[in-house]
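Quick notes on the structure that follows.
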Amino acid sequence: MKTTLSKAQSRAKRHNRLRHKITGTAARPRLAVFRSNKFVYAQLIDDSTGTTVAAADSRNEKGTRLEGAQAIGTAIAKQAADKKITEVVFDRGGFQYIGIVAAVADAARAGGLKF
């Protein structure tokens, strides 16, 4: 018997599969990206202590979601630089690495983060 999963269930399944492979540490936190239908969110997470080191979102950004994603990547890179973090592990959150997710990653790399 074949069961069909919703989009959210499929994404959650992909995200769980990814999370078994990547883990953030204090020296190299995990850059987790989440995109909703309206906004984009990014966090730097230290999985060893279960704490969020830095976070940014596009709820107050003007313009398109893509412009918001670029602003989020720049903002998270600036917050990481303030905390002397240069390397991160990228967690695309089960989303495809195109469009919004790629824009966050490219802006973070341009801001000085290495991954």
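The chains in the structure tokens are called A, B, ... from first to last as shown; in each chain the residues are counted from 1, and the ligands are counted from 1 in the order shown.
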message: Considering only helix (DSSP H, G or I) as DSSP defines it on the backbone, what residues of stretch 2-92 of chain A qualify? List them as a PyMOL selection string.
response: chain A and resi 7-19+65-82
message: Report as a VMD selection string all protein, DNA and RNA residues lying within 8 Å of A:Ile72, evaluated on only C-alpha atoms, omitting residues in the same chain fewer than 5 positions from it.
response: chain A and resid 40 to 42 56 to 58 104 107
message: Please compute the atom CA of A:Asp106-atom CA of A:Thr25 distance, one decimal, in Å.
response: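 Result for atom CA of A:Asp106 versus atom CA of A:Thr25: 21.7 Å, one decimal.
Across the model, the gap from atom CA of A:Gly24 to atom CA of A:Asp47 is 5.0 Å.
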message: Quick check for you: according to DSSP on this backbone, which residues of chain A are classed as strand (DSSP E or B)? Reply as a PyMOL selection string.
response: chain A and resi 30-35+40-46+51-57+87+89-91+114
Same residues, C-alpha atoms, saved as a tab-separated table (two decimals), in the first residue's frame:
chain	number	residue	atom	x	y	z
A	30	ARG	CA	25.02	25.27	12.32
A	31	LEU	CA	23.51	27.93	10.03
A	32	ALA	CA	19.89	26.78	9.83
A	33	VAL	CA	17.66	28.38	7.18
A	34	PHE	CA	13.87	28.22	7.16
A	35	ARG	CA	11.64	29.79	4.56
A	40	VAL	CA	12.92	33.89	5.67
A	41	TYR	CA	14.61	32.97	8.96
A	42	ALA	CA	18.22	32.06	9.76
A	43	GLN	CA	19.86	30.95	13.00
A	44	LEU	CA	23.34	30.04	14.15
A	45	ILE	CA	22.89	27.09	16.49
A	46	ASP	CA	25.33	25.38	18.85
A	51	THR	CA	21.50	27.26	22.19
A	52	THR	CA	20.95	29.81	19.46
A	53	VAL	CA	24.06	31.94	19.04
A	54	ALA	CA	22.54	34.45	16.58
A	55	ALA	CA	19.33	34.85	14.63
A	56	ALA	CA	17.90	37.02	11.87
A	57	ASP	CA	14.62	37.15	9.98
A	87	GLU	CA	33.14	28.97	9.93
A	89	VAL	CA	27.93	24.23	8.89
A	90	PHE	CA	25.10	25.02	6.45
A	91	ASP	CA	21.70	23.44	7.14
A	114	LYS	CA	33.02	29.98	5.34
task: Fewer than 4 positions away in the same chain doesn't count, so skip those; otherwise give me all residues within 12 Å of A:Asn37, counting only C-alpha atoms, as a PyMOL selection string.
output: chain A and resi 41+58-59+64-66+100
Just-selected residues, C-alpha atoms written as a PDB file, in the first residue's frame:
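Wrote again.pdb, looks like this:
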ATOM      1  CA  TYR A  41      14.605  32.975   8.956  1.00  0.00           C
ATOM      2  CA  SER A  58      13.043  39.075   7.133  1.00  0.00           C
ATOM      3  CA  ARG A  59       9.840  40.134   8.901  1.00  0.00           C
ATOM      4  CA  THR A  64      10.825  40.860  -2.303  1.00  0.00           C
ATOM      5  CA  ARG A  65      11.542  37.618  -0.468  1.00  0.00           C
ATOM      6  CA  LEU A  66      14.770  37.278  -2.432  1.00  0.00           C
ATOM      7  CA  ILE A 100      15.828  31.872  -1.424  1.00  0.00           C
TER       8      ILE A 100
END
message: Give me, as number ranges by chain, all polymer residues having an atom no more than 12 Å from stretch 6-11 of chain A, counting only C-alpha atoms and skipping those fewer than 3 positions away in the same chain.
response: A: 3, 14-18, 34-36, 92-96
Now that the selection is made, can you save its residues with C-alpha atoms as a PDB file, in the first residue's frame?
ATOM      1  CA  THR A   3       1.017   6.348   1.126  1.00  0.00           C
ATOM      2  CA  ARG A  14      14.474  15.329   4.266  1.00  0.00           C
ATOM      3  CA  HIS A  15      15.436  17.664   7.117  1.00  0.00           C
ATOM      4  CA  ASN A  16      15.684  14.774   9.606  1.00  0.00           C
ATOM      5  CA  ARG A  17      17.871  12.878   7.153  1.00  0.00           C
ATOM      6  CA  LEU A  18      20.165  15.911   6.855  1.00  0.00           C
ATOM      7  CA  PHE A  34      13.869  28.219   7.164  1.00  0.00           C
ATOM      8  CA  ARG A  35      11.642  29.793   4.562  1.00  0.00           C
ATOM      9  CA  SER A  36       7.915  30.243   4.889  1.00  0.00           C
ATOM     10  CA  ARG A  92      19.296  24.001   4.267  1.00  0.00           C
ATOM     11  CA  GLY A  93      16.429  22.628   6.343  1.00  0.00           C
ATOM     12  CA  GLY A  94      15.193  20.094   3.801  1.00  0.00           C
ATOM     13  CA  PHE A  95      14.658  22.790   1.166  1.00  0.00           C
ATOM     14  CA  GLN A  96      16.305  22.671  -2.245  1.00  0.00           C
TER      15      GLN A  96
END
